[in-house]
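Structure data (PDB, C-alpha atoms) from work_28.pdb:
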ATOM      1  CA  MET A   1     -26.714  28.662 -43.375  1.00  0.00           C
ATOM      2  CA  ASN A   2     -27.819  28.283 -46.977  1.00  0.00           C
ATOM      3  CA  LYS A   3     -27.512  25.062 -48.972  1.00  0.00           C
ATOM      4  CA  LEU A   4     -24.482  26.232 -50.972  1.00  0.00           C
ATOM      5  CA  THR A   5     -22.558  27.254 -47.830  1.00  0.00           C
ATOM      6  CA  ARG A   6     -23.475  23.963 -46.121  1.00  0.00           C
ATOM      7  CA  LEU A   7     -22.267  22.011 -49.179  1.00  0.00           C
ATOM      8  CA  GLY A   8     -18.975  23.949 -49.172  1.00  0.00           C
ATOM      9  CA  VAL A   9     -18.406  23.256 -45.456  1.00  0.00           C
ATOM     10  CA  THR A  10     -19.200  19.564 -45.960  1.00  0.00           C
ATOM     11  CA  LEU A  11     -16.791  19.262 -48.919  1.00  0.00           C
ATOM     12  CA  ALA A  12     -14.036  21.146 -47.062  1.00  0.00           C
ATOM     13  CA  SER A  13     -14.480  18.935 -43.991  1.00  0.00           C
ATOM     14  CA  GLY A  14     -14.311  15.809 -46.132  1.00  0.00           C
ATOM     15  CA  ALA A  15     -11.153  17.023 -47.863  1.00  0.00           C
ATOM     16  CA  LEU A  16      -9.462  17.785 -44.532  1.00  0.00           C
ATOM     17  CA  LEU A  17     -10.407  14.367 -43.196  1.00  0.00           C
ATOM     18  CA  ALA A  18      -9.064  12.678 -46.342  1.00  0.00           C
ATOM     19  CA  LEU A  19      -5.763  14.534 -45.976  1.00  0.00           C
ATOM     20  CA  ALA A  20      -5.476  13.738 -42.267  1.00  0.00           C
ATOM     21  CA  ALA A  21      -6.017   9.985 -42.626  1.00  0.00           C
ATOM     22  CA  PRO A  22      -2.847   9.262 -44.648  1.00  0.00           C
ATOM     23  CA  ALA A  23      -0.765  11.320 -42.220  1.00  0.00           C
ATOM     24  CA  ALA A  24      -1.990   9.235 -39.295  1.00  0.00           C
ATOM     25  CA  ALA A  25      -1.234   6.000 -41.153  1.00  0.00           C
ATOM     26  CA  GLN A  26       2.439   6.880 -41.612  1.00  0.00           C
ATOM     27  CA  LEU A  27       3.592   6.098 -38.083  1.00  0.00           C
ATOM     28  CA  GLU A  28       6.273   3.441 -37.938  1.00  0.00           C
ATOM     29  CA  GLU A  29       6.786   0.983 -35.121  1.00  0.00           C
ATOM     30  CA  TRP A  30      10.133   1.541 -33.331  1.00  0.00           C
ATOM     31  CA  VAL A  31      10.497   4.919 -35.084  1.00  0.00           C
ATOM     32  CA  ASP A  32       7.383   6.769 -33.945  1.00  0.00           C
ATOM     33  CA  TYR A  33       6.301   4.478 -31.121  1.00  0.00           C
ATOM     34  CA  THR A  34       7.730   1.663 -29.067  1.00  0.00           C
ATOM     35  CA  PRO A  35       5.771  -1.360 -27.856  1.00  0.00           C
ATOM     36  CA  GLN A  36       6.814  -2.079 -24.283  1.00  0.00           C
ATOM     37  CA  LYS A  37       8.113  -5.507 -23.339  1.00  0.00           C
ATOM     38  CA  GLU A  38       6.079  -5.747 -20.120  1.00  0.00           C
ATOM     39  CA  VAL A  39       2.522  -7.065 -20.451  1.00  0.00           C
ATOM     40  CA  ILE A  40      -0.432  -6.588 -18.146  1.00  0.00           C
ATOM     41  CA  GLU A  41      -3.211  -9.082 -17.542  1.00  0.00           C
ATOM     42  CA  LEU A  42      -6.533  -7.622 -16.400  1.00  0.00           C
ATOM     43  CA  THR A  43      -9.296  -9.878 -15.106  1.00  0.00           C
ATOM     44  CA  TYR A  44     -12.731  -8.310 -14.755  1.00  0.00           C
ATOM     45  CA  VAL A  45     -14.828  -9.785 -11.945  1.00  0.00           C
ATOM     46  CA  LYS A  46     -18.437  -9.357 -10.845  1.00  0.00           C
ATOM     47  CA  VAL A  47     -18.649 -10.171  -7.132  1.00  0.00           C
ATOM     48  CA  ASP A  48     -22.112 -10.822  -5.701  1.00  0.00           C
ATOM     49  CA  GLN A  49     -23.621  -8.052  -3.596  1.00  0.00           C
ATOM     50  CA  GLY A  50     -22.476  -8.273   0.009  1.00  0.00           C
ATOM     51  CA  GLN A  51     -19.673 -10.725  -0.801  1.00  0.00           C
ATOM     52  CA  LEU A  52     -16.789  -8.342  -1.583  1.00  0.00           C
ATOM     53  CA  ASP A  53     -15.119  -8.700   1.825  1.00  0.00           C
ATOM     54  CA  THR A  54     -15.469 -12.494   1.686  1.00  0.00           C
ATOM     55  CA  TYR A  55     -13.926 -12.548  -1.790  1.00  0.00           C
ATOM     56  CA  LEU A  56     -11.099 -10.195  -0.784  1.00  0.00           C
ATOM     57  CA  GLU A  57     -10.327 -12.332   2.264  1.00  0.00           C
ATOM     58  CA  GLY A  58     -10.111 -15.369   0.016  1.00  0.00           C
ATOM     59  CA  LEU A  59      -7.928 -13.540  -2.524  1.00  0.00           C
ATOM     60  CA  LYS A  60      -5.538 -12.602   0.268  1.00  0.00           C
ATOM     61  CA  GLN A  61      -5.050 -16.294   1.065  1.00  0.00           C
ATOM     62  CA  THR A  62      -4.904 -17.545  -2.538  1.00  0.00           C
ATOM     63  CA  TRP A  63      -4.353 -15.083  -5.379  1.00  0.00           C
ATOM     64  CA  VAL A  64      -2.135 -12.656  -3.450  1.00  0.00           C
ATOM     65  CA  LYS A  65       0.028 -15.439  -1.990  1.00  0.00           C
ATOM     66  CA  ALA A  66       0.361 -17.095  -5.408  1.00  0.00           C
ATOM     67  CA  ASN A  67       1.416 -13.788  -6.964  1.00  0.00           C
ATOM     68  CA  GLU A  68       3.934 -13.224  -4.161  1.00  0.00           C
ATOM     69  CA  ALA A  69       5.417 -16.648  -4.911  1.00  0.00           C
ATOM     70  CA  ALA A  70       5.541 -15.852  -8.646  1.00  0.00           C
ATOM     71  CA  LYS A  71       7.095 -12.467  -7.876  1.00  0.00           C
ATOM     72  CA  SER A  72       9.764 -14.083  -5.685  1.00  0.00           C
ATOM     73  CA  VAL A  73      10.953 -16.198  -8.635  1.00  0.00           C
ATOM     74  CA  GLY A  74      10.754 -13.333 -11.162  1.00  0.00           C
ATOM     75  CA  GLN A  75       7.673 -14.481 -13.061  1.00  0.00           C
ATOM     76  CA  VAL A  76       5.538 -11.491 -12.019  1.00  0.00           C
ATOM     77  CA  THR A  77       6.649  -7.867 -11.744  1.00  0.00           C
ATOM     78  CA  SER A  78       3.665  -6.611  -9.736  1.00  0.00           C
ATOM     79  CA  TYR A  79      -0.033  -7.140  -9.139  1.00  0.00           C
ATOM     80  CA  GLY A  80      -3.002  -5.222  -7.792  1.00  0.00           C
ATOM     81  CA  ILE A  81      -6.654  -5.405  -6.866  1.00  0.00           C
ATOM     82  CA  TYR A  82      -8.932  -2.548  -7.930  1.00  0.00           C
ATOM     83  CA  VAL A  83     -12.490  -1.904  -6.861  1.00  0.00           C
ATOM     84  CA  VAL A  84     -14.789  -0.313  -9.453  1.00  0.00           C
ATOM     85  CA  PRO A  85     -16.709   2.362  -7.501  1.00  0.00           C
ATOM     86  CA  TYR A  86     -19.076   3.313 -10.313  1.00  0.00           C
ATOM     87  CA  GLY A  87     -19.914   2.390 -13.870  1.00  0.00           C
ATOM     88  CA  SER A  88     -22.301   0.048 -15.614  1.00  0.00           C
ATOM     89  CA  ASN A  89     -22.121  -2.406 -12.671  1.00  0.00           C
ATOM     90  CA  GLU A  90     -21.118  -5.265 -14.990  1.00  0.00           C
ATOM     91  CA  VAL A  91     -17.877  -5.603 -13.007  1.00  0.00           C
ATOM     92  CA  ASN A  92     -16.983  -4.378  -9.549  1.00  0.00           C
ATOM     93  CA  LEU A  93     -13.432  -5.671  -9.170  1.00  0.00           C
ATOM     94  CA  VAL A  94     -10.399  -5.797 -11.452  1.00  0.00           C
ATOM     95  CA  LEU A  95      -7.370  -7.991 -10.816  1.00  0.00           C
ATOM     96  CA  ARG A  96      -4.078  -6.898 -12.413  1.00  0.00           C
ATOM     97  CA  ILE A  97      -0.901  -8.889 -12.910  1.00  0.00           C
ATOM     98  CA  THR A  98       2.120  -7.323 -14.614  1.00  0.00           C
ATOM     99  CA  TYR A  99       4.547  -9.738 -16.262  1.00  0.00           C
ATOM    100  CA  PRO A 100       8.106  -8.940 -17.383  1.00  0.00           C
ATOM    101  CA  SER A 101       7.254 -10.023 -20.950  1.00  0.00           C
ATOM    102  CA  MET A 102       4.863 -12.096 -23.018  1.00  0.00           C
ATOM    103  CA  ALA A 103       7.347 -14.974 -22.726  1.00  0.00           C
ATOM    104  CA  SER A 104       6.427 -15.130 -19.027  1.00  0.00           C
ATOM    105  CA  LEU A 105       3.060 -16.542 -20.106  1.00  0.00           C
ATOM    106  CA  ASP A 106       4.545 -19.351 -22.194  1.00  0.00           C
ATOM    107  CA  ALA A 107       4.206 -22.930 -21.002  1.00  0.00           C
ATOM    108  CA  ASP A 108       7.557 -23.833 -19.462  1.00  0.00           C
ATOM    109  CA  LYS A 109       8.116 -26.797 -17.153  1.00  0.00           C
ATOM    110  CA  ALA A 110      11.228 -25.310 -15.529  1.00  0.00           C
ATOM    111  CA  GLU A 111       9.320 -22.095 -14.700  1.00  0.00           C
ATOM    112  CA  TYR A 112       6.366 -24.126 -13.418  1.00  0.00           C
ATOM    113  CA  ASP A 113       8.682 -26.137 -11.186  1.00  0.00           C
ATOM    114  CA  LYS A 114      10.243 -22.910  -9.833  1.00  0.00           C
ATOM    115  CA  PHE A 115       6.798 -21.529  -9.042  1.00  0.00           C
ATOM    116  CA  MET A 116       5.621 -24.760  -7.398  1.00  0.00           C
ATOM    117  CA  ALA A 117       8.792 -24.865  -5.263  1.00  0.00           C
ATOM    118  CA  ALA A 118       7.973 -21.329  -4.044  1.00  0.00           C
ATOM    119  CA  TRP A 119       4.177 -21.827  -3.795  1.00  0.00           C
ATOM    120  CA  GLY A 120       3.938 -25.457  -2.669  1.00  0.00           C
ATOM    121  CA  LYS A 121       1.496 -28.222  -3.541  1.00  0.00           C
ATOM    122  CA  ALA A 122      -0.491 -27.734  -0.328  1.00  0.00           C
ATOM    123  CA  ASN A 123      -1.142 -24.070  -1.230  1.00  0.00           C
ATOM    124  CA  ALA A 124      -2.079 -25.015  -4.789  1.00  0.00           C
ATOM    125  CA  ASP A 125      -4.511 -27.692  -3.581  1.00  0.00           C
ATOM    126  CA  SER A 126      -6.030 -25.349  -0.992  1.00  0.00           C
ATOM    127  CA  SER A 127      -6.444 -22.579  -3.592  1.00  0.00           C
ATOM    128  CA  ASN A 128      -8.138 -24.951  -6.017  1.00  0.00           C
ATOM    129  CA  ARG A 129     -10.597 -26.011  -3.304  1.00  0.00           C
ATOM    130  CA  THR A 130     -11.314 -22.352  -2.451  1.00  0.00           C
ATOM    131  CA  VAL A 131     -12.054 -21.567  -6.097  1.00  0.00           C
ATOM    132  CA  ILE A 132     -14.421 -24.518  -6.430  1.00  0.00           C
ATOM    133  CA  GLU A 133     -16.117 -24.284  -3.033  1.00  0.00           C
ATOM    134  CA  LEU A 134     -16.314 -20.497  -2.574  1.00  0.00           C
ATOM    135  CA  TYR A 135     -15.310 -18.301  -5.510  1.00  0.00           C
ATOM    136  CA  ASN A 136     -17.509 -20.036  -8.064  1.00  0.00           C
ATOM    137  CA  LYS A 137     -20.510 -19.334  -5.795  1.00  0.00           C
ATOM    138  CA  ILE A 138     -19.904 -15.620  -5.127  1.00  0.00           C
ATOM    139  CA  ARG A 139     -18.285 -14.241  -8.256  1.00  0.00           C
ATOM    140  CA  GLU A 140     -18.281 -14.410 -12.034  1.00  0.00           C
ATOM    141  CA  ILE A 141     -15.248 -13.765 -14.229  1.00  0.00           C
ATOM    142  CA  LYS A 142     -16.422 -11.370 -16.951  1.00  0.00           C
ATOM    143  CA  GLY A 143     -13.248 -11.434 -19.031  1.00  0.00           C
ATOM    144  CA  THR A 144      -9.482 -11.514 -19.018  1.00  0.00           C
ATOM    145  CA  TYR A 145      -7.399  -9.308 -21.290  1.00  0.00           C
ATOM    146  CA  ILE A 146      -3.690  -8.979 -22.017  1.00  0.00           C
ATOM    147  CA  LEU A 147      -2.405  -5.468 -22.711  1.00  0.00           C
ATOM    148  CA  ARG A 148       0.912  -4.170 -24.002  1.00  0.00           C
ATOM    149  CA  GLU A 149       1.615  -0.477 -23.588  1.00  0.00           C
ATOM    150  CA  ILE A 150       2.712   1.579 -26.573  1.00  0.00           C
ATOM    151  CA  LYS A 151       4.850   4.649 -25.922  1.00  0.00           C
ATOM    152  CA  LEU A 152       4.538   7.326 -28.581  1.00  0.00           C
ATOM    153  CA  LYS A 153       7.680   9.301 -29.350  1.00  0.00           C
TER
END
Re-express the file's structure as structure tokens.
Amino acid sequence: MNKLTRLGVTLASGALLALAAPAAAQLEEWVDYTPQKEVIELTYVKVDQGQLDTYLEGLKQTWVKANEAAKSVGQVTSYGIYVVPYGSNEVNLVLRITYPSMASLDADKAEYDKFMAAWGKANADSSNRTVIELYNKIREIKGTYILREIKLK
């Protein structure tokens, strides 16, 4: 390709890109897309090699039971545990909690009291001990993120 043809292709590509950018910027919230009310919390975890089963057993007694209690009082819609079978190996487990709305994450004494009535102080104390005595030795939290889905129309 000669220099003049290359210059023409470059200018044409730039012009097309310039025309496409304003079109993409004209989407309107609620008209062209709808943010969903539900929010998802993802926690990325790096569990030490050989400790996954130990961690999962602990989660079953703490995190899962706490989420079941929160679900029973309507504070959590669903939850899940996901293993990361391949990737950069920075994380090997992802914990997901789906909340009905962002308001579910607000500090609220009445909601706290409802959860504690369902969960119980003994479970809370036991979970706290497990985190301190076991989890902090076999895993590292790499990050927690809140997501809100957007549905394009």
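Our summary of the geometry notes that atom CA of A:Thr34 is positioned 7.6 Å from atom CA of A:Lys153.
Taking atom CA of A:Gly87 and atom CA of A:Lys46 as the two end points, the separation is 12.2 Å.
Note that the spacing between atom CA of A:Pro100 and atom CA of A:Leu56 amounts to 25.4 Å.
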Near stretch 144-151 of chain A, within 12 Å and counting only C-alpha atoms, which residues show up once chain neighbours fewer than 2 positions away are dropped, as a ChimeraX atom specification?
/A:29-45,91,94-102,105,140-142,153
Pick out the residues sitting within 9 Å of A:Gln75, and hand them over as a PDB file with C-alpha atoms, in the frame of the given file; count only C-alpha atoms, and ignore anything fewer than 3 positions along from it in its own chain.
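Below is the file out-v3.pdb, written as the result:
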ATOM      1  CA  ASN A  67       1.416 -13.788  -6.964  1.00  0.00           C
ATOM      2  CA  ALA A  69       5.417 -16.648  -4.911  1.00  0.00           C
ATOM      3  CA  ALA A  70       5.541 -15.852  -8.646  1.00  0.00           C
ATOM      4  CA  LYS A  71       7.095 -12.467  -7.876  1.00  0.00           C
ATOM      5  CA  SER A  72       9.764 -14.083  -5.685  1.00  0.00           C
ATOM      6  CA  TYR A  99       4.547  -9.738 -16.262  1.00  0.00           C
ATOM      7  CA  PRO A 100       8.106  -8.940 -17.383  1.00  0.00           C
ATOM      8  CA  SER A 104       6.427 -15.130 -19.027  1.00  0.00           C
ATOM      9  CA  LEU A 105       3.060 -16.542 -20.106  1.00  0.00           C
ATOM     10  CA  GLU A 111       9.320 -22.095 -14.700  1.00  0.00           C
ATOM     11  CA  PHE A 115       6.798 -21.529  -9.042  1.00  0.00           C
TER      12      PHE A 115
END
Carefully work through the PyMOL selection byres ((chain A and resi 65) around 12) for this structure and note down the residues it includes, as number ranges by chain.
A: 57-64, 66-72, 79, 115, 118-120, 123-124, 126-127
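In this comparison, which uses only C-alpha atoms, the residue of A:Asp48, A:Asp53, A:Glu90, A:Glu28 approaching A:Gly143 most closely is A:Glu90.
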Mind working out the centre and edge lengths of an axis-aligned box for stretch 65-70 of chain A, all listed atoms inside, 5 Å added to each side, rounded to one decimal in Å and written as AutoDock Vina command-line options?
--center_x 2.8 --center_y -15.2 --center_z -5.3 --size_x 15.5 --size_y 13.9 --size_z 16.7
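Between A:Asn89 and the residues A:Asp125, A:Leu134, A:Val76, A:Gln49, the shortest atom-to-atom distance, using all atoms listed in the file, involves A:Gln49.
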What would stretch 112-145 of chain A look like with N, CA and C atoms in place, written as a PDB file, in the coordinates of the input?
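Just written: selection_24.pdb:
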ATOM      1  N   TYR A 112       7.428 -23.545 -14.243  1.00  0.00           N
ATOM      2  CA  TYR A 112       6.366 -24.126 -13.418  1.00  0.00           C
ATOM      3  C   TYR A 112       6.960 -24.743 -12.160  1.00  0.00           C
ATOM      4  N   ASP A 113       8.029 -25.502 -12.331  1.00  0.00           N
ATOM      5  CA  ASP A 113       8.682 -26.137 -11.186  1.00  0.00           C
ATOM      6  C   ASP A 113       9.215 -25.100 -10.203  1.00  0.00           C
ATOM      7  N   LYS A 114       9.769 -23.998 -10.716  1.00  0.00           N
ATOM      8  CA  LYS A 114      10.243 -22.910  -9.833  1.00  0.00           C
ATOM      9  C   LYS A 114       9.086 -22.325  -9.033  1.00  0.00           C
ATOM     10  N   PHE A 115       7.964 -22.086  -9.724  1.00  0.00           N
ATOM     11  CA  PHE A 115       6.798 -21.529  -9.042  1.00  0.00           C
ATOM     12  C   PHE A 115       6.284 -22.502  -7.979  1.00  0.00           C
ATOM     13  N   MET A 116       6.149 -23.774  -8.347  1.00  0.00           N
ATOM     14  CA  MET A 116       5.621 -24.760  -7.398  1.00  0.00           C
ATOM     15  C   MET A 116       6.545 -24.926  -6.194  1.00  0.00           C
ATOM     16  N   ALA A 117       7.855 -24.795  -6.388  1.00  0.00           N
ATOM     17  CA  ALA A 117       8.792 -24.865  -5.263  1.00  0.00           C
ATOM     18  C   ALA A 117       8.550 -23.692  -4.312  1.00  0.00           C
ATOM     19  N   ALA A 118       8.236 -22.518  -4.876  1.00  0.00           N
ATOM     20  CA  ALA A 118       7.973 -21.329  -4.044  1.00  0.00           C
ATOM     21  C   ALA A 118       6.567 -21.359  -3.454  1.00  0.00           C
ATOM     22  N   TRP A 119       5.587 -21.864  -4.191  1.00  0.00           N
ATOM     23  CA  TRP A 119       4.177 -21.827  -3.795  1.00  0.00           C
ATOM     24  C   TRP A 119       3.798 -23.044  -2.962  1.00  0.00           C
ATOM     25  N   GLY A 120       4.209 -24.224  -3.405  1.00  0.00           N
ATOM     26  CA  GLY A 120       3.938 -25.457  -2.669  1.00  0.00           C
ATOM     27  C   GLY A 120       2.654 -26.134  -3.102  1.00  0.00           C
ATOM     28  N   LYS A 121       2.670 -27.435  -3.123  1.00  0.00           N
ATOM     29  CA  LYS A 121       1.496 -28.222  -3.541  1.00  0.00           C
ATOM     30  C   LYS A 121       0.323 -28.035  -2.593  1.00  0.00           C
ATOM     31  N   ALA A 122       0.598 -27.917  -1.301  1.00  0.00           N
ATOM     32  CA  ALA A 122      -0.491 -27.734  -0.328  1.00  0.00           C
ATOM     33  C   ALA A 122      -1.235 -26.429  -0.598  1.00  0.00           C
ATOM     34  N   ASN A 123      -0.501 -25.347  -0.903  1.00  0.00           N
ATOM     35  CA  ASN A 123      -1.142 -24.070  -1.230  1.00  0.00           C
ATOM     36  C   ASN A 123      -1.941 -24.176  -2.521  1.00  0.00           C
ATOM     37  N   ALA A 124      -1.381 -24.852  -3.514  1.00  0.00           N
ATOM     38  CA  ALA A 124      -2.079 -25.015  -4.789  1.00  0.00           C
ATOM     39  C   ALA A 124      -3.373 -25.795  -4.589  1.00  0.00           C
ATOM     40  N   ASP A 125      -3.314 -26.885  -3.839  1.00  0.00           N
ATOM     41  CA  ASP A 125      -4.511 -27.692  -3.581  1.00  0.00           C
ATOM     42  C   ASP A 125      -5.559 -26.894  -2.809  1.00  0.00           C
ATOM     43  N   SER A 126      -5.117 -26.163  -1.798  1.00  0.00           N
ATOM     44  CA  SER A 126      -6.030 -25.349  -0.992  1.00  0.00           C
ATOM     45  C   SER A 126      -6.689 -24.263  -1.853  1.00  0.00           C
ATOM     46  N   SER A 127      -5.899 -23.618  -2.704  1.00  0.00           N
ATOM     47  CA  SER A 127      -6.444 -22.579  -3.592  1.00  0.00           C
ATOM     48  C   SER A 127      -7.478 -23.159  -4.537  1.00  0.00           C
ATOM     49  N   ASN A 128      -7.184 -24.310  -5.098  1.00  0.00           N
ATOM     50  CA  ASN A 128      -8.138 -24.951  -6.017  1.00  0.00           C
ATOM     51  C   ASN A 128      -9.455 -25.255  -5.307  1.00  0.00           C
ATOM     52  N   ARG A 129      -9.373 -25.737  -4.077  1.00  0.00           N
ATOM     53  CA  ARG A 129     -10.597 -26.011  -3.304  1.00  0.00           C
ATOM     54  C   ARG A 129     -11.376 -24.720  -3.054  1.00  0.00           C
ATOM     55  N   THR A 130     -10.656 -23.636  -2.716  1.00  0.00           N
ATOM     56  CA  THR A 130     -11.314 -22.352  -2.451  1.00  0.00           C
ATOM     57  C   THR A 130     -12.044 -21.857  -3.687  1.00  0.00           C
ATOM     58  N   VAL A 131     -11.416 -21.988  -4.847  1.00  0.00           N
ATOM     59  CA  VAL A 131     -12.054 -21.567  -6.097  1.00  0.00           C
ATOM     60  C   VAL A 131     -13.338 -22.355  -6.323  1.00  0.00           C
ATOM     61  N   ILE A 132     -13.259 -23.656  -6.171  1.00  0.00           N
ATOM     62  CA  ILE A 132     -14.421 -24.518  -6.430  1.00  0.00           C
ATOM     63  C   ILE A 132     -15.514 -24.320  -5.379  1.00  0.00           C
ATOM     64  N   GLU A 133     -15.130 -24.303  -4.112  1.00  0.00           N
ATOM     65  CA  GLU A 133     -16.117 -24.284  -3.033  1.00  0.00           C
ATOM     66  C   GLU A 133     -16.647 -22.890  -2.684  1.00  0.00           C
ATOM     67  N   LEU A 134     -15.874 -21.842  -2.961  1.00  0.00           N
ATOM     68  CA  LEU A 134     -16.314 -20.497  -2.574  1.00  0.00           C
ATOM     69  C   LEU A 134     -16.434 -19.551  -3.760  1.00  0.00           C
ATOM     70  N   TYR A 135     -15.327 -19.321  -4.455  1.00  0.00           N
ATOM     71  CA  TYR A 135     -15.310 -18.301  -5.510  1.00  0.00           C
ATOM     72  C   TYR A 135     -16.378 -18.524  -6.565  1.00  0.00           C
ATOM     73  N   ASN A 136     -16.538 -19.759  -7.007  1.00  0.00           N
ATOM     74  CA  ASN A 136     -17.509 -20.036  -8.064  1.00  0.00           C
ATOM     75  C   ASN A 136     -18.952 -19.771  -7.626  1.00  0.00           C
ATOM     76  N   LYS A 137     -19.168 -19.629  -6.313  1.00  0.00           N
ATOM     77  CA  LYS A 137     -20.510 -19.334  -5.795  1.00  0.00           C
ATOM     78  C   LYS A 137     -20.760 -17.842  -5.603  1.00  0.00           C
ATOM     79  N   ILE A 138     -19.705 -17.035  -5.471  1.00  0.00           N
ATOM     80  CA  ILE A 138     -19.904 -15.620  -5.127  1.00  0.00           C
ATOM     81  C   ILE A 138     -19.370 -14.642  -6.161  1.00  0.00           C
ATOM     82  N   ARG A 139     -18.793 -15.151  -7.245  1.00  0.00           N
ATOM     83  CA  ARG A 139     -18.285 -14.241  -8.256  1.00  0.00           C
ATOM     84  C   ARG A 139     -18.356 -14.859  -9.638  1.00  0.00           C
ATOM     85  N   GLU A 140     -18.311 -13.974 -10.645  1.00  0.00           N
ATOM     86  CA  GLU A 140     -18.281 -14.410 -12.034  1.00  0.00           C
ATOM     87  C   GLU A 140     -17.166 -13.656 -12.740  1.00  0.00           C
ATOM     88  N   ILE A 141     -16.301 -14.388 -13.430  1.00  0.00           N
ATOM     89  CA  ILE A 141     -15.248 -13.765 -14.229  1.00  0.00           C
ATOM     90  C   ILE A 141     -15.902 -13.275 -15.521  1.00  0.00           C
ATOM     91  N   LYS A 142     -15.784 -11.974 -15.776  1.00  0.00           N
ATOM     92  CA  LYS A 142     -16.422 -11.370 -16.951  1.00  0.00           C
ATOM     93  C   LYS A 142     -15.489 -11.298 -18.152  1.00  0.00           C
ATOM     94  N   GLY A 143     -14.193 -11.456 -17.916  1.00  0.00           N
ATOM     95  CA  GLY A 143     -13.248 -11.434 -19.031  1.00  0.00           C
ATOM     96  C   GLY A 143     -11.833 -11.221 -18.531  1.00  0.00           C
ATOM     97  N   THR A 144     -10.893 -11.719 -19.301  1.00  0.00           N
ATOM     98  CA  THR A 144      -9.482 -11.514 -19.018  1.00  0.00           C
ATOM     99  C   THR A 144      -8.833 -11.001 -20.292  1.00  0.00           C
ATOM    100  N   TYR A 145      -8.021  -9.957 -20.149  1.00  0.00           N
ATOM    101  CA  TYR A 145      -7.399  -9.308 -21.290  1.00  0.00           C
ATOM    102  C   TYR A 145      -5.912  -9.121 -21.025  1.00  0.00           C
TER     103      TYR A 145
END
